[in-house]
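Heads up, upload.pdb below (PDB, C-alpha atoms):
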```pdb
ATOM      1  CA  MET W 140     121.969  82.393 123.398
ATOM      2  CA  ASP W 141     124.313  84.875 125.095
ATOM      3  CA  TRP W 142     125.542  86.777 122.043
ATOM      4  CA  GLN W 143     128.052  88.837 124.008
ATOM      5  CA  SER W 144     130.059  85.751 124.977
ATOM      6  CA  GLU W 145     129.226  83.519 121.966
ATOM      7  CA  SER W 146     129.973  86.112 119.290
ATOM      8  CA  PRO W 147     131.875  89.100 120.717
ATOM      9  CA  GLU W 148     132.698  90.481 117.232
ATOM     10  CA  LEU W 149     128.982  90.557 116.393
ATOM     11  CA  TRP W 150     128.175  92.373 119.618
ATOM     12  CA  ALA W 151     131.089  94.778 119.078
ATOM     13  CA  PHE W 152     129.617  95.629 115.661
ATOM     14  CA  LEU W 153     126.045  96.173 116.909
ATOM     15  CA  GLU W 154     126.746  98.010 120.153
ATOM     16  CA  PRO W 155     128.032 101.357 118.769
ATOM     17  CA  LEU W 156     125.266 101.710 116.147
ATOM     18  CA  HIS W 157     122.734 104.509 116.668
ATOM     19  CA  ARG W 158     119.184 104.928 115.404
ATOM     20  CA  GLY W 159     119.324 106.818 112.125
ATOM     21  CA  ASP W 160     122.737 105.489 111.048
ATOM     22  CA  ILE W 161     122.798 104.532 107.371
ATOM     23  CA  LEU W 162     124.082 101.017 106.687
ATOM     24  CA  SER W 163     124.683  99.347 103.330
ATOM     25  CA  GLY W 164     124.867  95.746 102.343
ATOM     26  CA  THR W 165     123.645  92.978 100.064
ATOM     27  CA  VAL W 166     120.336  91.133 100.305
ATOM     28  CA  ALA W 167     121.284  87.591 101.376
ATOM     29  CA  ALA W 168     117.897  85.911 101.843
ATOM     30  CA  ILE W 169     114.220  86.726 101.388
ATOM     31  CA  GLU W 170     111.725  85.072 103.729
ATOM     32  CA  ARG W 171     107.953  85.521 104.031
ATOM     33  CA  PHE W 172     108.536  87.517 107.253
ATOM     34  CA  GLY W 173     111.352  89.776 106.047
ATOM     35  CA  VAL W 174     114.724  90.201 104.391
ATOM     36  CA  PHE W 175     118.215  89.350 105.666
ATOM     37  CA  VAL W 176     121.081  91.637 104.662
ATOM     38  CA  VAL W 177     124.821  90.966 104.848
ATOM     39  CA  LEU W 178     126.089  94.343 106.020
ATOM     40  CA  ASP W 179     129.252  95.948 104.671
ATOM     41  CA  ASP W 180     131.981  95.880 107.322
ATOM     42  CA  GLY W 181     129.742  93.702 109.489
ATOM     43  CA  PRO W 182     130.689  90.287 110.810
ATOM     44  CA  GLY W 183     129.013  87.118 109.663
ATOM     45  CA  HIS W 184     126.102  85.904 111.766
ATOM     46  CA  PRO W 185     126.557  82.445 113.340
ATOM     47  CA  THR W 186     122.988  81.273 112.597
ATOM     48  CA  LEU W 187     121.234  83.772 110.302
ATOM     49  CA  PRO W 188     121.899  84.610 106.630
ATOM     50  CA  GLY W 189     122.886  88.176 107.570
ATOM     51  CA  VAL W 190     123.366  90.545 110.486
ATOM     52  CA  GLY W 191     120.849  93.026 109.063
ATOM     53  CA  PHE W 192     117.110  92.367 109.012
ATOM     54  CA  ILE W 193     114.312  94.342 107.317
ATOM     55  CA  GLY W 194     110.807  93.449 108.519
ATOM     56  CA  ILE W 195     107.965  93.529 105.981
ATOM     57  CA  PRO W 196     106.517  96.877 107.203
ATOM     58  CA  GLU W 197     109.932  98.534 106.768
ATOM     59  CA  LEU W 198     110.423  97.514 103.137
ATOM     60  CA  SER W 199     108.223 100.119 101.457
ATOM     61  CA  TRP W 200     105.613 102.809 102.026
ATOM     62  CA  ARG W 201     103.435 101.212  99.374
ATOM     63  CA  ARG W 202     101.364  98.086  99.870
ATOM     64  CA  ILE W 203     103.201  94.962  98.766
ATOM     65  CA  ASP W 204     102.191  91.328  98.422
ATOM     66  CA  ALA W 205     105.645  89.862  99.081
ATOM     67  CA  PRO W 206     109.191  91.106  99.821
ATOM     68  CA  ILE W 207     110.213  90.095  96.287
ATOM     69  CA  ASP W 208     108.066  93.042  95.103
ATOM     70  CA  VAL W 209     110.748  95.331  96.556
ATOM     71  CA  VAL W 210     114.125  93.527  96.640
ATOM     72  CA  ARG W 211     115.992  90.596  95.089
ATOM     73  CA  VAL W 212     118.724  88.343  96.499
ATOM     74  CA  GLY W 213     122.087  89.868  95.609
ATOM     75  CA  GLN W 214     120.710  93.413  95.395
ATOM     76  CA  ARG W 215     122.718  96.191  97.055
ATOM     77  CA  VAL W 216     120.676  98.238  99.554
ATOM     78  CA  SER W 217     121.163 101.191 101.875
ATOM     79  CA  CYS W 218     118.972 101.243 104.984
ATOM     80  CA  GLU W 219     118.401 103.259 108.123
ATOM     81  CA  PHE W 220     119.351 101.533 111.377
ATOM     82  CA  LEU W 221     116.338 101.309 113.717
ATOM     83  CA  GLY W 222     117.874  99.412 116.630
ATOM     84  CA  SER W 223     119.509  96.185 117.732
ATOM     85  CA  ASP W 224     117.483  93.037 118.287
ATOM     86  CA  THR W 225     119.366  91.581 121.252
ATOM     87  CA  CYS W 226     117.464  88.268 121.140
ATOM     88  CA  ASN W 227     118.587  87.494 117.578
ATOM     89  CA  ALA W 228     121.735  89.654 117.562
ATOM     90  CA  GLU W 229     120.762  91.495 114.418
ATOM     91  CA  ALA W 230     120.498  95.066 113.223
ATOM     92  CA  ARG W 231     116.856  96.012 112.553
ATOM     93  CA  LEU W 232     116.764  98.104 109.385
ATOM     94  CA  SER W 233     114.339 100.215 107.365
ATOM     95  CA  LEU W 234     114.498 100.549 103.602
ATOM     96  CA  LYS W 235     111.458 102.849 103.458
ATOM     97  CA  ALA W 236     112.947 105.357 105.910
ATOM     98  CA  LEU W 237     115.220 106.573 103.110
ATOM     99  CA  GLU W 238     112.270 107.182 100.763
ATOM    100  CA  PRO W 239     109.844 110.117 100.850
ATOM    101  CA  ASP W 240     106.748 109.433 102.955
ATOM    102  CA  PRO W 241     103.716 109.612 100.635
ATOM    103  CA  LEU W 242     101.404 110.463 103.555
ATOM    104  CA  GLN W 243     103.511 113.504 104.478
ATOM    105  CA  ALA W 244     103.563 114.645 100.844
ATOM    106  CA  PHE W 245      99.774 114.161 100.686
ATOM    107  CA  ALA W 246      99.285 116.171 103.907
ATOM    108  CA  ASP W 247     101.535 118.949 102.580
ATOM    109  CA  ARG W 248      99.379 119.415  99.463
ATOM    110  CA  THR W 249      95.937 118.804 101.016
ATOM    111  CA  VAL W 250      93.969 121.729 102.430
ATOM    112  CA  VAL W 251      92.015 121.246 105.669
ATOM    113  CA  GLY W 252      88.548 119.943 104.801
ATOM    114  CA  GLN W 253      89.357 119.696 101.105
ATOM    115  CA  GLU W 254      86.975 117.604  99.036
ATOM    116  CA  LEU W 255      88.713 114.987  96.888
ATOM    117  CA  ARG W 256      87.664 112.192  94.605
ATOM    118  CA  GLY W 257      88.835 108.687  95.322
ATOM    119  CA  THR W 258      88.182 105.113  94.296
ATOM    120  CA  VAL W 259      86.645 102.539  96.643
ATOM    121  CA  ASP W 260      89.425  99.989  97.212
ATOM    122  CA  LYS W 261      87.835  97.683  99.801
ATOM    123  CA  VAL W 262      84.481  97.326 101.525
ATOM    124  CA  LEU W 263      84.911  95.835 105.002
ATOM    125  CA  PRO W 264      82.652  95.506 108.073
ATOM    126  CA  ILE W 265      84.272  98.597 109.658
ATOM    127  CA  GLY W 266      83.926 100.831 106.600
ATOM    128  CA  ILE W 267      85.299 101.453 103.154
ATOM    129  CA  PHE W 268      88.906 102.099 102.228
ATOM    130  CA  VAL W 269      89.272 104.690  99.511
ATOM    131  CA  ASP W 270      92.347 105.016  97.284
ATOM    132  CA  LEU W 271      93.197 108.710  97.150
ATOM    133  CA  GLY W 272      96.176 108.181  94.831
ATOM    134  CA  ASP W 273      99.937 108.085  95.402
ATOM    135  CA  GLU W 274      99.681 105.109  97.797
ATOM    136  CA  VAL W 275      97.433 107.026 100.231
ATOM    137  CA  PHE W 276      94.282 105.274 101.463
ATOM    138  CA  GLY W 277      91.628 106.641 103.762
ATOM    139  CA  LEU W 278      88.940 105.024 105.910
ATOM    140  CA  PHE W 279      85.317 106.047 105.584
ATOM    141  CA  PRO W 280      83.890 104.363 108.743
ATOM    142  CA  PHE W 281      80.403 102.820 108.814
ATOM    143  CA  ARG W 282      79.816 104.185 112.309
ATOM    144  CA  GLU W 283      80.599 107.544 113.835
ATOM    145  CA  VAL W 284      84.188 107.707 115.113
ATOM    146  CA  ASP W 285      85.327 110.595 117.321
ATOM    147  CA  GLY W 286      82.571 112.852 115.990
ATOM    148  CA  ARG W 287      83.248 112.025 112.348
ATOM    149  CA  PRO W 288      80.080 111.295 110.372
ATOM    150  CA  ALA W 289      79.399 107.674 109.455
ATOM    151  CA  ALA W 290      79.296 106.346 105.911
ATOM    152  CA  SER W 291      76.188 104.835 104.376
ATOM    153  CA  PRO W 292      75.707 101.061 104.724
ATOM    154  CA  ALA W 293      78.189  98.742 102.968
ATOM    155  CA  GLU W 294      75.718  97.851 100.241
ATOM    156  CA  ASP W 295      75.798 101.502  99.075
ATOM    157  CA  PHE W 296      79.414 101.115  97.871
ATOM    158  CA  GLU W 297      81.106  99.033  95.223
ATOM    159  CA  VAL W 298      84.831  98.351  94.751
ATOM    160  CA  GLY W 299      86.084 100.513  91.884
ATOM    161  CA  GLU W 300      83.384 103.165  92.360
ATOM    162  CA  GLU W 301      84.600 106.766  92.378
ATOM    163  CA  ILE W 302      83.290 108.893  95.257
ATOM    164  CA  ALA W 303      83.757 112.426  96.620
ATOM    165  CA  VAL W 304      85.098 112.639 100.162
ATOM    166  CA  VAL W 305      86.374 115.193 102.646
ATOM    167  CA  VAL W 306      89.740 114.380 104.150
ATOM    168  CA  GLU W 307      91.090 114.551 107.706
ATOM    169  CA  ILE W 308      94.696 113.472 108.272
ATOM    170  CA  GLU W 309      96.217 112.403 111.597
ATOM    171  CA  LEU W 310      99.953 112.382 110.922
ATOM    172  CA  PRO W 311     101.042 111.148 114.384
ATOM    173  CA  THR W 312      98.912 108.002 114.067
ATOM    174  CA  ARG W 313      99.284 107.777 110.262
ATOM    175  CA  ARG W 314      95.520 107.651 109.732
ATOM    176  CA  VAL W 315      93.394 109.257 107.052
ATOM    177  CA  PHE W 316      89.689 109.554 107.842
ATOM    178  CA  LEU W 317      87.092 110.375 105.251
ATOM    179  CA  SER W 318      83.578 111.744 105.415
ATOM    180  CA  ARG W 319      81.007 113.385 103.203
ATOM    181  CA  SER W 320      80.426 117.085 103.627
ATOM    182  CA  GLU W 321      76.679 117.598 104.001
ATOM    183  CA  SER W 322      76.624 121.283 104.863
ATOM    184  CA  GLY W 323      79.696 122.383 102.966
ATOM    185  CA  GLN W 324      81.416 122.995 106.294
ATOM    186  CA  TYR W 325      83.954 120.707 107.883
ATOM    187  CA  THR W 326      85.512 120.959 111.312
ATOM    188  CA  GLY W 327      88.269 118.343 110.916
ATOM    189  CA  GLY W 328      91.732 119.032 109.668
ATOM    190  CA  VAL W 329      95.323 118.020 109.238
ATOM    191  CA  LEU W 330      96.779 117.377 112.661
ATOM    192  CA  PRO W 331     100.465 118.338 113.175
ATOM    193  CA  THR W 332     103.276 115.849 113.725
TER     194      THR W 332
END
```
Could you write out this file's structure as structure tokens?
Amino acid sequence: MDWQSESPELWAFLEPLHRGDILSGTVAAIERFGVFVVLDDGPGHPTLPGVGFIGIPELSWRRIDAPIDVVRVGQRVSCEFLGSDTCNAEARLSLKALEPDPLQAFADRTVVGQELRGTVDKVLPIGIFVDLGDEVFGLFPFREVDGRPAASPAEDFEVGEEIAVVVEIELPTRRVFLSRSESGQYTGGVLPT
């Protein structure tokens, strides 16, 4: 559909928006793939429940099972504008962008090579995921990755087990790698943004 000709008021609303703008509205519909928001001062959408859309990854920093874990229909929300989806003529929004990033907070308080205790959350073929607290999870790979030491075999770990790990944080890629310090020395670190 050519939104510019079919709905000029919708296009006129979306066109001047800039990444980082804060928009408010009311949750109109919750779907398994995201949340539709009727935006304040925004026009109605000819086919969708709202002009604003929040995809699942933009709802929260924490892990969620369903959008209903974060919002309810009729709830007022403020979101950061990420960009316009020209195919669907909607404003892509982020609810989590207005919340503190738990990974950044974790990186700010974690010393390079610091040993921490965490709880095994999942054991997968690639490695174990360890809950380090405050919605931060790290991967302890079962094979060497970029010079990082490999974890023991999967059968050596059990979900719920508490283990000691050394942390390396890659903020640009939002990854936390874990290893065991055998010599007491560690060459990894927190990489800058």
Interatomic distance, atom CA of Ala151 of chain W to atom CA of Phe175 of chain W (Å, one decimal):
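These atoms are spaced 19.4 Å apart.
Nearest to Gly299 of chain W of all the residues W:Val259, W:Val251, W:Leu271, W:Ala244 is W:Val259, counting only C-alpha atoms.
Shortest atom-to-atom contact with Gly257 of chain W among W:Ala230, W:Val210, W:Val305, W:Leu221: W:Val305, counting only C-alpha atoms.
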Atom CA of Lys235 of chain W and atom CA of Cys218 of chain W are how many Å apart?
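These atoms are spaced 7.8 Å apart.
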Residue among W:Ala168, W:Leu162, W:Leu178, W:Val315 lying closest to Gly252 of chain W, counting only C-alpha atoms
W:Val315
Ranking W:Val269, W:Val275, W:Ala167, W:Val177 by minimum distance to Trp200 of chain W and counting only C-alpha atoms, which one comes first?
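Selected residue with least distance to Trp200 of chain W: W:Val275.
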Given the PyMOL selection byres ((chain W and resi 298) around 8), the residues it picks as a list in words:
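Answer for the PyMOL selection byres ((chain W and resi 298) around 8): Thr258, Val259, Asp260, Lys261, Val262, Phe296, Glu297, Gly299 and Glu300 of chain W.
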Here's the selection I'm unsure about, the PyMOL selection byres ((chain W and resi 240) around 12); applied to the file above, which residues does it give, as an NGL selection string?
:W and (197 or 199-201 or 234-239 or 241-247 or 273-275 or 310 or 313)
Which residues would end up in the selection if the PyMOL selection byres ((chain W and resi 189) around 12) were applied here, given that I need the answer as an NGL selection string?
:W and (149 or 164-169 or 173-188 or 190-193 or 212 or 227-232)
Separation of atom CA of Phe172 of chain W from atom CA of Ile195 of chain W in Å:
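Pair atom CA of Ile195 of chain W / atom CA of Phe172 of chain W returns 6.2 Å.
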Measuring atom to atom with all atoms listed in the file, identify which of W:Leu278, W:Val216, W:Leu263, W:Ile302 is nearest to Arg314 of chain W.
W:Leu278
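Counting only C-alpha atoms and comparing W:Pro311, W:Ser318, W:Ile267, W:Gly213, the residue that lies closest to Asp295 of chain W is W:Ile267.
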